[in-house]
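For reference, structure.cif (mmCIF, C-alpha atoms):
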```cif
data_data
#
loop_
_atom_site.label_atom_id
_atom_site.label_comp_id
_atom_site.auth_asym_id
_atom_site.auth_seq_id
_atom_site.Cartn_x
_atom_site.Cartn_y
_atom_site.Cartn_z
CA MET A 894 142.81 81.86 88.06
CA ASP A 895 145.91 80.91 90.04
CA LEU A 896 146.36 81.21 93.80
CA THR A 897 148.23 84.53 93.61
CA ALA A 898 145.41 86.11 91.60
CA ARG A 899 142.84 84.82 94.08
CA LEU A 900 144.75 86.26 97.03
CA ASP A 901 145.12 89.61 95.27
CA LEU A 902 141.37 89.69 94.64
CA ILE A 903 140.60 88.69 98.23
CA ASN A 904 142.79 91.51 99.53
CA TRP A 905 141.14 93.93 97.12
CA LEU A 906 137.65 92.93 98.33
CA VAL A 907 138.64 93.41 101.97
CA ALA A 908 140.10 96.83 101.20
CA GLN A 909 136.94 97.92 99.34
CA SER A 910 134.75 96.77 102.20
CA LEU A 911 136.81 98.71 104.76
CA THR A 912 136.85 101.81 102.55
CA GLY A 913 133.09 101.85 102.04
CA VAL A 914 132.99 101.67 98.25
CA PRO A 915 129.45 101.47 96.74
CA GLU A 916 128.13 98.00 95.98
CA ASN A 917 127.90 98.43 92.21
CA ASP A 918 131.53 99.60 92.10
CA ILE A 919 132.57 96.57 94.14
CA LEU A 920 130.79 94.20 91.75
CA ARG A 921 132.21 95.89 88.65
CA GLY A 922 135.76 95.84 90.04
CA PHE A 923 135.36 92.21 91.08
CA CYS A 924 134.18 91.07 87.63
CA GLU A 925 136.81 93.05 85.76
CA ARG A 926 139.57 91.62 87.94
CA CYS A 927 138.22 88.11 87.44
CA ARG A 928 138.36 88.55 83.67
CA ALA A 929 141.86 89.99 83.84
CA ALA A 930 142.93 86.88 85.76
CA GLY A 931 141.48 84.54 83.11
CA LEU A 932 138.04 83.82 84.55
CA GLU A 933 135.86 84.57 81.53
CA LEU A 934 132.75 86.06 83.12
CA SER A 935 130.14 87.48 80.75
CA ARG A 936 127.60 88.62 83.35
CA GLY A 937 127.22 88.77 87.11
CA LEU A 938 124.14 89.56 89.17
CA THR A 939 123.84 89.76 92.94
CA PHE A 940 121.00 90.75 95.21
CA ILE A 941 120.31 90.93 98.90
CA ASP A 942 117.17 91.64 100.90
CA THR A 943 117.38 94.64 103.16
CA LEU A 944 115.50 96.57 105.85
CA HIS A 945 113.60 99.42 104.22
CA PRO A 946 110.05 100.80 104.56
CA ILE A 947 109.34 100.76 100.81
CA PHE A 948 111.30 98.03 99.02
CA GLU A 949 112.39 94.52 99.93
CA GLY A 950 115.94 94.51 98.68
CA ARG A 951 118.62 95.75 96.32
CA GLY A 952 120.40 94.14 93.40
CA PHE A 953 123.56 94.88 91.42
CA ARG A 954 124.60 93.66 87.99
CA TRP A 955 127.52 93.75 85.60
CA ASN A 956 127.81 92.87 81.91
CA GLU A 957 130.94 92.37 79.86
CA THR A 958 129.62 94.77 77.20
CA ALA A 959 127.73 98.05 77.42
CA SER A 960 124.04 97.60 78.22
CA ASN A 961 120.98 99.78 78.79
CA GLU A 962 120.44 97.98 82.10
CA SER A 963 121.17 99.98 85.24
CA ASP A 964 123.98 98.58 87.38
CA SER A 965 121.79 98.70 90.50
CA PHE A 966 118.10 98.21 91.16
CA GLU A 967 115.60 97.93 93.96
CA TYR A 968 112.74 95.44 94.16
CA GLY A 969 109.49 95.31 96.09
CA SER A 970 107.77 92.50 97.90
CA SER A 971 107.90 89.07 96.29
CA ASN A 972 104.95 87.79 98.33
CA ASP A 973 102.11 88.74 95.99
CA GLY A 974 101.12 88.97 92.35
CA GLU A 975 103.44 88.65 89.38
CA ALA A 976 106.53 89.21 91.53
CA ALA A 977 105.61 86.19 93.65
CA GLN A 978 105.10 84.06 90.54
CA ASN A 979 108.47 85.10 89.11
CA TRP A 980 110.18 84.37 92.43
CA ARG A 981 108.67 80.88 92.65
CA ARG A 982 109.96 80.15 89.13
CA SER A 983 113.46 81.36 89.92
CA VAL A 984 116.52 79.22 90.37
CA PHE A 985 117.04 80.75 93.80
CA HIS A 986 113.60 79.73 95.07
CA HIS A 987 114.31 76.21 93.84
CA MET A 988 117.66 76.22 95.65
CA LEU A 989 116.12 77.32 98.93
CA GLU A 990 113.33 74.74 98.60
CA LYS A 991 115.81 71.93 97.94
CA GLY A 992 118.48 73.11 100.36
CA HIS A 993 121.11 73.73 97.65
CA ASP A 994 123.77 76.42 98.07
CA GLU A 995 125.11 75.98 94.51
CA PHE A 996 123.32 75.26 91.23
CA SER A 997 124.77 74.85 87.75
CA ILE A 998 122.94 74.90 84.39
CA ASP A 999 124.29 74.12 80.92
CA LEU A 1000 122.62 76.89 78.92
CA THR A 1001 123.23 75.02 75.66
CA ASN A 1002 120.88 72.30 76.90
CA CYS A 1003 118.19 73.96 79.00
CA ALA A 1004 115.02 73.74 76.86
CA HIS A 1005 113.48 71.26 79.31
CA LEU A 1006 113.88 73.63 82.28
CA ASP A 1007 111.14 76.03 83.38
CA PHE A 1008 113.17 78.50 85.42
CA SER A 1009 112.63 82.18 84.76
CA MET A 1010 115.43 84.02 82.86
CA ILE A 1011 117.21 80.87 81.73
CA HIS A 1012 115.98 80.73 78.14
CA ASP A 1013 116.54 84.44 77.63
CA LEU A 1014 120.11 84.19 78.88
CA SER A 1015 120.75 81.22 76.60
CA ALA A 1016 119.35 83.13 73.61
CA LYS A 1017 121.82 85.95 74.31
CA GLY A 1018 124.76 83.60 73.83
CA HIS A 1019 125.69 82.72 77.42
CA ARG A 1020 126.82 79.11 77.78
CA HIS A 1021 126.92 78.34 81.50
CA PHE A 1022 124.90 79.53 84.51
CA LEU A 1023 126.29 79.14 88.02
CA ALA A 1024 124.23 80.30 91.03
CA PHE A 1025 125.08 80.57 94.73
CA VAL A 1026 123.04 81.16 97.86
CA HIS A 1027 125.04 82.18 100.91
CA GLN A 1028 122.86 82.14 104.01
CA PHE A 1029 123.63 84.20 107.10
CA GLY A 1030 123.46 82.90 110.63
CA GLU A 1031 120.80 84.07 113.04
CA ALA A 1032 123.16 86.61 114.61
CA GLY A 1033 124.07 87.93 111.15
CA THR A 1034 120.47 88.40 109.99
CA LEU A 1035 118.95 91.87 109.98
CA GLY A 1036 115.28 92.10 109.08
CA GLN A 1037 114.85 90.14 105.85
CA MET A 1038 118.57 90.29 105.12
CA ASP A 1039 119.33 86.62 105.65
CA CYS A 1040 120.87 85.55 102.30
CA PHE A 1041 123.20 86.75 99.60
CA TYR A 1042 122.14 85.57 96.14
CA SER A 1043 124.29 85.63 93.02
CA TYR A 1044 124.58 84.09 89.59
CA TRP A 1045 127.46 84.12 87.13
CA LEU A 1046 127.58 83.52 83.39
CA THR A 1047 130.21 82.78 80.77
CA ARG A 1048 130.18 82.61 76.98
CA ARG A 1049 133.12 80.24 76.98
CA ASP A 1050 132.55 77.07 74.93
CA GLY A 1051 132.21 74.25 77.40
CA GLY A 1052 131.23 76.64 80.20
CA PHE A 1053 133.16 77.27 83.39
CA THR A 1054 136.02 74.90 84.05
CA GLU A 1055 136.28 73.09 87.38
CA LEU A 1056 139.13 75.39 88.38
CA GLN A 1057 137.07 78.48 87.54
CA MET A 1058 134.12 77.20 89.57
CA ALA A 1059 136.48 76.45 92.46
CA ALA A 1060 137.79 80.01 92.27
CA LEU A 1061 134.25 81.40 92.39
CA ARG A 1062 133.44 79.20 95.39
CA ASP A 1063 136.40 80.74 97.19
CA LEU A 1064 135.74 84.34 96.16
CA ILE A 1065 131.97 84.82 96.26
CA PRO A 1066 131.73 84.59 100.08
CA LEU A 1067 134.21 87.52 100.31
CA LEU A 1068 132.16 89.45 97.76
CA ALA A 1069 129.02 88.68 99.77
CA LEU A 1070 130.67 89.98 102.93
CA ALA A 1071 131.74 93.21 101.22
CA ILE A 1072 128.27 93.89 99.81
CA LYS A 1073 126.57 92.91 103.06
CA SER A 1074 128.82 95.35 104.92
CA ALA A 1075 127.89 98.16 102.53
CA GLN A 1076 124.21 97.29 102.84
CA GLN A 1077 124.35 97.42 106.63
CA VAL A 1078 125.71 100.99 106.40
CA ASP A 1079 122.85 101.84 104.02
CA ILE A 1080 120.35 100.33 106.47
CA VAL A 1081 121.69 102.43 109.33
CA ARG A 1082 121.40 105.60 107.23
CA THR A 1083 117.90 104.66 106.07
CA LEU A 1084 116.66 103.94 109.59
CA GLY A 1085 118.21 107.19 110.80
CA ARG A 1086 116.47 109.26 108.12
CA VAL A 1087 113.14 107.47 108.54
CA TYR A 1088 112.94 107.57 112.33
CA LEU A 1089 115.00 110.64 113.26
CA GLY A 1090 114.68 112.96 110.26
CA ARG A 1091 117.31 113.95 107.74
CA ASP A 1092 119.41 116.44 109.70
CA ALA A 1093 119.04 114.71 113.07
CA SER A 1094 120.14 111.44 111.46
CA GLU A 1095 123.26 113.06 110.01
CA GLN A 1096 124.06 114.58 113.40
CA VAL A 1097 123.77 111.20 115.13
CA LEU A 1098 125.78 109.36 112.47
CA ARG A 1099 128.55 111.95 112.81
CA GLY A 1100 128.87 110.89 116.44
CA ARG A 1101 126.60 113.24 118.37
CA ILE A 1102 125.03 110.52 120.51
CA SER A 1103 125.97 111.54 124.06
CA ARG A 1104 123.09 112.39 126.36
CA GLY A 1105 122.79 116.11 127.02
CA VAL A 1106 124.85 117.13 123.98
CA THR A 1107 122.73 119.93 122.53
CA GLU A 1108 123.25 123.24 120.82
CA ARG A 1109 121.29 126.47 120.87
CA ILE A 1110 119.89 127.25 117.45
CA ASN A 1111 117.46 129.76 116.03
CA ALA A 1112 114.82 128.06 113.93
CA VAL A 1113 111.40 128.45 112.43
CA LEU A 1114 109.14 125.93 114.13
CA TRP A 1115 106.25 124.15 112.41
CA PHE A 1116 103.51 122.28 114.21
CA SER A 1117 100.57 120.81 112.31
CA ASP A 1118 97.73 118.47 113.16
CA LEU A 1119 94.62 117.19 111.45
CA ARG A 1120 91.29 118.91 111.64
CA GLY A 1121 88.64 116.77 113.36
CA SER A 1122 90.82 113.66 113.41
CA THR A 1123 89.29 112.29 116.61
CA ALA A 1124 85.75 112.45 115.24
CA ILE A 1125 86.86 110.90 111.95
CA SER A 1126 88.70 108.07 113.74
CA GLU A 1127 85.58 107.27 115.75
CA SER A 1128 83.43 107.13 112.62
CA ILE A 1129 85.57 104.80 110.50
CA SER A 1130 86.70 101.20 110.87
CA PRO A 1131 89.97 100.63 112.76
CA ASP A 1132 91.78 99.39 109.65
CA GLU A 1133 91.09 102.75 107.95
CA ILE A 1134 92.73 104.86 110.67
CA ILE A 1135 96.37 104.15 109.79
CA PRO A 1136 95.89 104.76 106.02
CA LEU A 1137 94.19 108.07 106.91
CA LEU A 1138 97.11 109.16 109.11
CA ASN A 1139 99.66 107.98 106.56
CA ASP A 1140 98.02 109.87 103.69
CA TYR A 1141 97.97 113.21 105.48
CA ALA A 1142 101.37 112.72 107.11
CA GLU A 1143 102.85 112.14 103.66
CA ALA A 1144 101.19 115.31 102.38
CA SER A 1145 102.83 117.38 105.12
CA ILE A 1146 106.22 115.67 105.22
CA ASP A 1147 106.68 115.88 101.45
CA ALA A 1148 105.87 119.59 101.53
CA ILE A 1149 108.28 120.24 104.40
CA TYR A 1150 111.14 118.30 102.82
CA GLU A 1151 110.61 119.87 99.39
CA SER A 1152 110.90 123.30 101.01
CA GLY A 1153 114.11 122.52 102.90
CA GLY A 1154 112.69 121.78 106.34
CA ASP A 1155 113.35 118.80 108.57
CA VAL A 1156 110.68 116.70 110.30
CA LEU A 1157 111.68 115.85 113.86
CA LYS A 1158 108.69 114.10 115.32
CA LEU A 1159 105.32 112.58 114.49
CA ILE A 1160 102.95 112.88 117.45
CA GLY A 1161 99.75 111.01 116.63
CA ASP A 1162 98.37 113.07 113.78
CA GLY A 1163 100.73 115.97 114.59
CA VAL A 1164 104.00 116.91 112.88
CA LEU A 1165 106.84 118.88 114.50
CA ALA A 1166 109.37 120.31 112.05
CA ILE A 1167 112.04 122.99 111.89
CA PHE A 1168 113.51 125.25 109.24
CA ALA A 1169 117.02 125.95 110.49
CA GLY A 1170 118.36 129.47 110.82
CA GLY A 1171 115.24 131.32 111.81
CA ASP A 1172 116.09 134.12 109.35
CA MET A 1173 113.89 135.53 106.59
CA SER A 1174 114.74 132.72 104.14
CA ALA A 1175 113.73 130.10 106.72
CA ARG A 1176 110.41 131.88 107.28
CA GLN A 1177 109.78 132.05 103.56
CA ALA A 1178 110.61 128.35 103.27
CA ALA A 1179 108.02 127.59 105.94
CA LEU A 1180 105.39 129.56 104.01
CA ARG A 1181 106.29 127.64 100.85
CA ALA A 1182 105.91 124.39 102.75
CA GLU A 1183 102.49 125.46 104.07
CA HIS A 1184 101.34 126.38 100.56
CA ARG A 1185 102.59 123.08 99.13
CA PHE A 1186 100.88 121.27 101.99
CA ARG A 1187 97.54 122.82 100.96
CA LEU A 1188 98.08 121.80 97.34
CA ASN A 1189 98.96 118.26 98.45
CA ILE A 1190 95.84 118.11 100.61
CA ALA A 1191 93.66 119.24 97.70
CA LYS A 1192 94.98 116.43 95.49
CA LEU A 1193 94.76 113.93 98.32
CA ASN A 1194 91.17 114.87 99.16
CA ALA A 1195 90.12 114.57 95.53
CA ARG A 1196 91.55 111.05 95.42
CA ARG A 1197 90.12 109.95 98.76
CA ALA A 1198 86.69 111.40 97.98
CA GLY A 1199 86.68 109.50 94.70
CA GLU A 1200 87.38 106.33 96.65
CA GLY A 1201 84.55 107.06 99.08
CA ARG A 1202 86.94 107.59 102.00
CA PRO A 1203 86.76 110.39 104.58
CA VAL A 1204 88.66 113.63 103.95
CA THR A 1205 89.86 116.44 106.18
CA SER A 1206 92.27 119.35 106.32
CA ALA A 1207 94.95 120.45 108.77
CA TYR A 1208 95.94 123.24 111.11
CA VAL A 1209 99.45 124.70 110.91
CA GLY A 1210 101.18 126.88 113.49
CA LEU A 1211 104.40 128.76 112.66
CA HIS A 1212 106.72 130.38 115.18
CA VAL A 1213 110.41 131.30 115.45
CA GLY A 1214 112.75 131.26 118.40
CA GLU A 1215 115.81 129.86 120.11
CA VAL A 1216 115.66 126.16 120.99
CA PHE A 1217 117.94 123.44 122.28
CA TYR A 1218 118.64 120.91 119.51
CA GLY A 1219 120.21 117.58 120.38
CA ASN A 1220 120.06 114.45 122.55
CA ILE A 1221 117.53 114.37 125.36
CA GLY A 1222 116.47 111.37 127.41
CA SER A 1223 117.98 108.56 129.46
CA GLU A 1224 121.15 106.56 128.93
CA ASP A 1225 119.13 103.77 127.28
CA ARG A 1226 116.58 105.85 125.32
CA LEU A 1227 117.48 109.13 123.66
CA ASP A 1228 115.54 111.40 121.36
CA PHE A 1229 117.26 113.85 119.00
CA THR A 1230 114.82 116.73 118.97
CA VAL A 1231 114.20 120.35 119.93
CA VAL A 1232 113.01 121.64 123.30
CA GLY A 1233 112.40 125.05 124.77
CA PRO A 1234 109.62 127.56 125.35
CA ALA A 1235 109.33 128.24 121.62
CA VAL A 1236 108.37 124.58 121.01
CA ASN A 1237 105.55 124.83 123.53
CA GLU A 1238 104.41 128.09 121.95
CA VAL A 1239 104.18 126.74 118.43
CA SER A 1240 101.98 123.83 119.56
CA ARG A 1241 99.71 126.30 121.41
CA ILE A 1242 99.55 128.52 118.33
CA ALA A 1243 98.50 125.54 116.19
CA SER A 1244 95.80 124.62 118.71
CA MET A 1245 94.39 128.18 118.49
CA CYS A 1246 93.50 127.54 114.83
CA ARG A 1247 90.30 125.82 115.95
CA SER A 1248 89.23 128.75 118.09
CA VAL A 1249 89.70 131.39 115.39
CA ASP A 1250 88.64 129.06 112.54
CA ARG A 1251 91.82 129.53 110.51
CA GLU A 1252 93.99 126.78 109.01
CA LEU A 1253 97.22 128.77 109.45
CA LEU A 1254 98.36 130.89 112.36
CA ALA A 1255 101.77 132.53 112.68
CA SER A 1256 103.29 134.36 115.62
CA SER A 1257 104.17 138.03 115.61
CA GLU A 1258 107.86 137.03 115.87
CA PHE A 1259 107.48 134.99 112.68
CA CYS A 1260 105.83 137.85 110.79
CA ALA A 1261 108.29 140.48 111.99
CA GLY A 1262 111.16 138.68 110.25
CA LEU A 1263 109.55 138.64 106.82
CA ASP A 1264 110.25 141.24 104.18
CA GLU A 1265 107.68 143.93 103.45
CA GLU A 1266 106.11 142.00 100.59
CA GLY A 1267 105.78 138.86 102.69
CA ARG A 1268 104.09 140.75 105.53
CA ARG A 1269 101.49 142.07 103.06
CA TYR A 1270 100.10 138.56 102.66
CA LEU A 1271 99.46 138.12 106.40
CA VAL A 1272 96.71 139.76 108.44
CA SER A 1273 96.18 139.91 112.18
CA THR A 1274 93.50 137.73 113.79
CA GLY A 1275 93.83 139.51 117.13
CA ARG A 1276 95.76 139.25 120.37
CA TYR A 1277 95.45 136.05 122.40
CA ALA A 1278 96.62 134.56 125.68
CA LEU A 1279 97.95 131.08 124.91
CA ARG A 1280 97.37 128.29 127.40
CA GLY A 1281 100.46 127.74 129.54
CA ILE A 1282 102.29 130.71 127.99
CA GLY A 1283 102.95 133.69 130.24
CA ARG A 1284 102.28 136.43 127.69
CA ALA A 1285 99.59 137.28 125.16
CA GLN A 1286 100.61 137.88 121.55
CA ASP A 1287 99.22 138.84 118.18
CA LEU A 1288 98.60 135.98 115.77
CA PHE A 1289 98.49 136.27 112.00
CA THR A 1290 96.97 134.28 109.17
CA LEU A 1291 97.00 134.44 105.38
CA ASP A 1292 94.89 137.22 103.94
CA PRO A 1293 91.56 135.56 102.92
CA GLU A 1294 91.83 137.48 99.65
CA ILE A 1295 94.60 135.07 98.60
CA VAL A 1296 92.08 132.24 98.38
CA ALA A 1297 89.12 134.31 97.23
CA SER A 1298 90.80 136.19 94.37
CA PRO A 1299 92.68 134.43 91.55
CA PRO A 1300 94.94 137.49 90.95
CA ALA A 1301 95.84 137.55 94.66
CA THR A 1302 96.47 133.80 94.58
CA LYS A 1303 98.78 134.22 91.58
CA ALA A 1304 100.65 137.09 93.24
CA TYR A 1305 101.25 135.01 96.37
CA GLU A 1306 102.40 132.01 94.33
CA ASN A 1307 104.76 134.27 92.37
CA TYR A 1308 106.17 135.58 95.65
CA LEU A 1309 106.82 132.04 96.86
CA ALA A 1310 108.28 131.03 93.48
CA ASP A 1311 110.60 134.03 93.46
CA GLU A 1312 111.88 133.15 96.90
CA MET A 1313 112.47 129.57 95.75
CA SER A 1314 114.72 130.95 93.00
CA HIS A 1315 116.52 133.28 95.41
CA PRO A 1316 116.85 131.45 98.74
#
```
Would you give me this structure, written as structure tokens?
Amino acid sequence: MDLTARLDLINWLVAQSLTGVPENDILRGFCERCRAAGLELSRGLTFIDTLHPIFEGRGFRWNETASNESDSFEYGSSNDGEAAQNWRRSVFHHMLEKGHDEFSIDLTNCAHLDFSMIHDLSAKGHRHFLAFVHQFGEAGTLGQMDCFYSYWLTRRDGGFTELQMAALRDLIPLLALAIKSAQQVDIVRTLGRVYLGRDASEQVLRGRISRGVTERINAVLWFSDLRGSTAISESISPDEIIPLLNDYAEASIDAIYESGGDVLKLIGDGVLAIFAGGDMSARQAALRAEHRFRLNIAKLNARRAGEGRPVTSAYVGLHVGEVFYGNIGSEDRLDFTVVGPAVNEVSRIASMCRSVDRELLASSEFCAGLDEEGRRYLVSTGRYALRGIGRAQDLFTLDPEIVASPPATKAYENYLADEMSHP
């Protein structure tokens, strides 16, 4: 690869990084351009640790011929079990242990080596293995993202030439920078979704970050909390409390997301969510979410009971009203959430579930916006004065017949399923 080809590839990498092209497309374009310039790559693999609540990092790969391998993958923790054993046998672990940033292996003479992957790569006809570790400085590290790892293969007899290895030494740092840049954008989006919620995150990332920038919206409001959580927490060991909260939070959040809602805040064992619009379809979506939540709880309780762990249920309050949606707080600490009298009301409605011994309570405003069929499934529990709310109102719950009678249960599920098909 001559100097002109290297400069063209460097400029291409910079342009892709600025444009925001996905990592697997960057790697594929890089490898194809290397081959076109005479650098006979047969395979390239890169990976980088990231900052994510579930997995440890992401990897990207390219092959010169079609393969059933995916061009991107995610991997979990390498600290325990088989993953830890594989990592300790890897070339990259060896390089970090020995302080090497480059490592070369002649795959035609590697029988004496005990690194993972090496013998399989040799058996597939690759002739030379060249690995790099590019470490980031302290200021460039984010979470576990402190290195860019890559290896490169060729089938060329005699392996990579010195000029080809020199070209890779020049180019891989630019590739690392492009992929790191893309990963940092992914991290920002992930953290936004995880800590702000899906819609709030998109709002913030589109630039709505000024304090006091809010909009009036009509929305269905959901507030749920666990039944008897305080008593349960006092009866179990401290290391069981977080798994308990996580299990039931997942049951509610999955149901809300699957039904088109957006979770805005976790408050201890409570969940505040909205279904935007506040119209009939939003109300129906909230009912679907509540039904899915009950199904999730049933499965969860069966599993936890089988493990000898405590089980519970949850209260859900549903309301609808106009709220302010946006940035609220100080210059140094903002929260993207909803505020307004309707938010206070929905939390009070949820708290009334204990008093009337019902797991679901909905406001009269919520019920009034349903269609005739939907209203048939709700029955009044009476009129109540809510603490801190200036007016009494009728509250509604699901008709007990829905649980007691299989035909009624089926009819309600069909109603929810029909509305899923016709949002």
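Shortest separation to Thr1230 in chain A among A:Thr912, A:Asn1139, A:Thr1107, A:Thr1123 occurs at residue A:Thr1107, atoms counted being only C-alpha atoms.
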Apply the PyMOL selection byres ((chain A and resi 994-1001) around 10) to the displayed file and report the matching residues as an mmCIF file with C-alpha atoms, in the coordinates of the input.
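So the final result, stored in result_26.cif, reads:
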```cif
data_model
loop_
_atom_site.group_PDB
_atom_site.id
_atom_site.type_symbol
_atom_site.label_atom_id
_atom_site.label_comp_id
_atom_site.auth_asym_id
_atom_site.auth_seq_id
_atom_site.Cartn_x
_atom_site.Cartn_y
_atom_site.Cartn_z
ATOM 1 C CA VAL A 984 116.520 79.220 90.370
ATOM 2 C CA PHE A 985 117.040 80.750 93.800
ATOM 3 C CA HIS A 987 114.310 76.210 93.840
ATOM 4 C CA MET A 988 117.660 76.220 95.650
ATOM 5 C CA LEU A 989 116.120 77.320 98.930
ATOM 6 C CA LYS A 991 115.810 71.930 97.940
ATOM 7 C CA GLY A 992 118.480 73.110 100.360
ATOM 8 C CA HIS A 993 121.110 73.730 97.650
ATOM 9 C CA ASN A 1002 120.880 72.300 76.900
ATOM 10 C CA CYS A 1003 118.190 73.960 79.000
ATOM 11 C CA ALA A 1004 115.020 73.740 76.860
ATOM 12 C CA LEU A 1006 113.880 73.630 82.280
ATOM 13 C CA ILE A 1011 117.210 80.870 81.730
ATOM 14 C CA HIS A 1012 115.980 80.730 78.140
ATOM 15 C CA ASP A 1013 116.540 84.440 77.630
ATOM 16 C CA LEU A 1014 120.110 84.190 78.880
ATOM 17 C CA SER A 1015 120.750 81.220 76.600
ATOM 18 C CA ALA A 1016 119.350 83.130 73.610
ATOM 19 C CA GLY A 1018 124.760 83.600 73.830
ATOM 20 C CA HIS A 1019 125.690 82.720 77.420
ATOM 21 C CA ARG A 1020 126.820 79.110 77.780
ATOM 22 C CA HIS A 1021 126.920 78.340 81.500
ATOM 23 C CA PHE A 1022 124.900 79.530 84.510
ATOM 24 C CA LEU A 1023 126.290 79.140 88.020
ATOM 25 C CA ALA A 1024 124.230 80.300 91.030
ATOM 26 C CA PHE A 1025 125.080 80.570 94.730
ATOM 27 C CA VAL A 1026 123.040 81.160 97.860
ATOM 28 C CA HIS A 1027 125.040 82.180 100.910
ATOM 29 C CA GLN A 1028 122.860 82.140 104.010
ATOM 30 C CA TYR A 1042 122.140 85.570 96.140
ATOM 31 C CA SER A 1043 124.290 85.630 93.020
ATOM 32 C CA TYR A 1044 124.580 84.090 89.590
ATOM 33 C CA TRP A 1045 127.460 84.120 87.130
ATOM 34 C CA LEU A 1046 127.580 83.520 83.390
ATOM 35 C CA THR A 1047 130.210 82.780 80.770
ATOM 36 C CA ARG A 1048 130.180 82.610 76.980
ATOM 37 C CA ASP A 1050 132.550 77.070 74.930
ATOM 38 C CA GLY A 1051 132.210 74.250 77.400
ATOM 39 C CA GLY A 1052 131.230 76.640 80.200
ATOM 40 C CA PHE A 1053 133.160 77.270 83.390
ATOM 41 C CA MET A 1058 134.120 77.200 89.570
ATOM 42 C CA ARG A 1062 133.440 79.200 95.390
#
```
- Message: as a ChimeraX atom specification, please: the residues near range 951-959 of chain A (cut-off 10 Å, all atoms listed in the file, same-chain neighbours under 3 positions excluded).
- Response: /A:916-925,928,933-943,948,962-969,1042-1047,1072,1076
- Quick one: distance from CA of Ile1110 in chain A to CA of Glu1151 in chain A in Å, one decimal? 21.6 Å
- Identify, on the basis of only C-alpha atoms, every residue whose closest approach to Leu1114 in chain A does not exceed 7 Å; exclude the query and any residue fewer than 5 positions from it along the same chain; express the result as a list in words. Ala1166, Ile1167, Phe1168, Leu1211, His1212, Val1213 and Val1239 of chain A
- Task: Output the residue selection produced by the PyMOL selection byres ((chain A and resi 1150) around 12) on the file above, formatted as a ChimeraX atom specification.
- Result: /A:1086,1090-1092,1143-1149,1151-1157,1166-1168,1178-1179,1181-1183,1185-1186
- Message: As a check of understanding, name the residues that the PyMOL selection byres ((chain A and resi 1140) around 10) selects in the supplied structure, as a list in words.
- Response: Ile1135, Pro1136, Leu1137, Leu1138, Asn1139, Tyr1141, Ala1142, Glu1143, Ala1144, Ser1145, Asn1189, Ile1190, Leu1193, Asn1194 and Arg1197 of chain A
Preceding selection exported with C-alpha atoms as a compact mmCIF listing (two decimals), keeping the file's coordinate frame:
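Output (result00.txt):
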```
# COMPACT_ATOMS: atom_id res chain seq x y z
CA ILE A 1135 96.37 104.15 109.79
CA PRO A 1136 95.89 104.76 106.02
CA LEU A 1137 94.19 108.07 106.91
CA LEU A 1138 97.11 109.16 109.11
CA ASN A 1139 99.66 107.98 106.56
CA TYR A 1141 97.97 113.21 105.48
CA ALA A 1142 101.37 112.72 107.11
CA GLU A 1143 102.85 112.14 103.66
CA ALA A 1144 101.19 115.31 102.38
CA SER A 1145 102.83 117.38 105.12
CA ASN A 1189 98.96 118.26 98.45
CA ILE A 1190 95.84 118.11 100.61
CA LEU A 1193 94.76 113.93 98.32
CA ASN A 1194 91.17 114.87 99.16
CA ARG A 1197 90.12 109.95 98.76
```
- Of A:Leu1165, A:Val914, A:Met1173, A:Ile1102, the one nearest to Gly1262 in chain A when counting all atoms listed in the file is A:Met1173
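Picture a line from CA of Lys1073 in chain A to CA of Leu944 in chain A; it runs 12.0 Å.
Between CA of Thr1274 in chain A and CA of Thr1205 in chain A lies a distance of 22.9 Å.
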- At most 12 Å from (123.2, 104.6, 125.9), file frame, only C-alpha atoms: which residues, as number ranges by chain? A: 1101-1105, 1220-1228
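Counting all atoms listed in the file and comparing A:Leu896, A:Leu1263, A:Leu1084, A:Leu1070, the residue that lies closest to Ala1175 in chain A is A:Leu1263.
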- Message: If we count all atoms listed in the file and set the cut-off at 12 Å, which residues sit around Glu1294 in chain A, ignoring sequence neighbours fewer than 3 positions away in its own chain? Please answer as number ranges by chain.
- Response: A: 1269-1272, 1290-1291, 1297-1305
- Considering only C-alpha atoms, state which residue in the set A:Leu1035, A:Ala908, A:Leu1188, A:Ala1060 is at the smallest distance from Val1078 in chain A. A:Leu1035
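Using only C-alpha atoms for every distance, the candidate list A:His1005, A:Arg1120, A:Arg1241, A:Arg926 yields A:Arg926 as the residue closest to Ile903 in chain A.
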- Query: Which polymer residues have any atom within 6 Å of an atom of Gly1171 in chain A, counting only C-alpha atoms, with same-chain residues fewer than 4 positions away left out, as number ranges by chain?
  - Reply: A: 1111-1113, 1175
- Quick one: of A:Val1249, A:Ser1128, A:Leu1309, A:Gly1219, who's nearest to Gly1100 in chain A, counting all atoms listed in the file? A:Gly1219
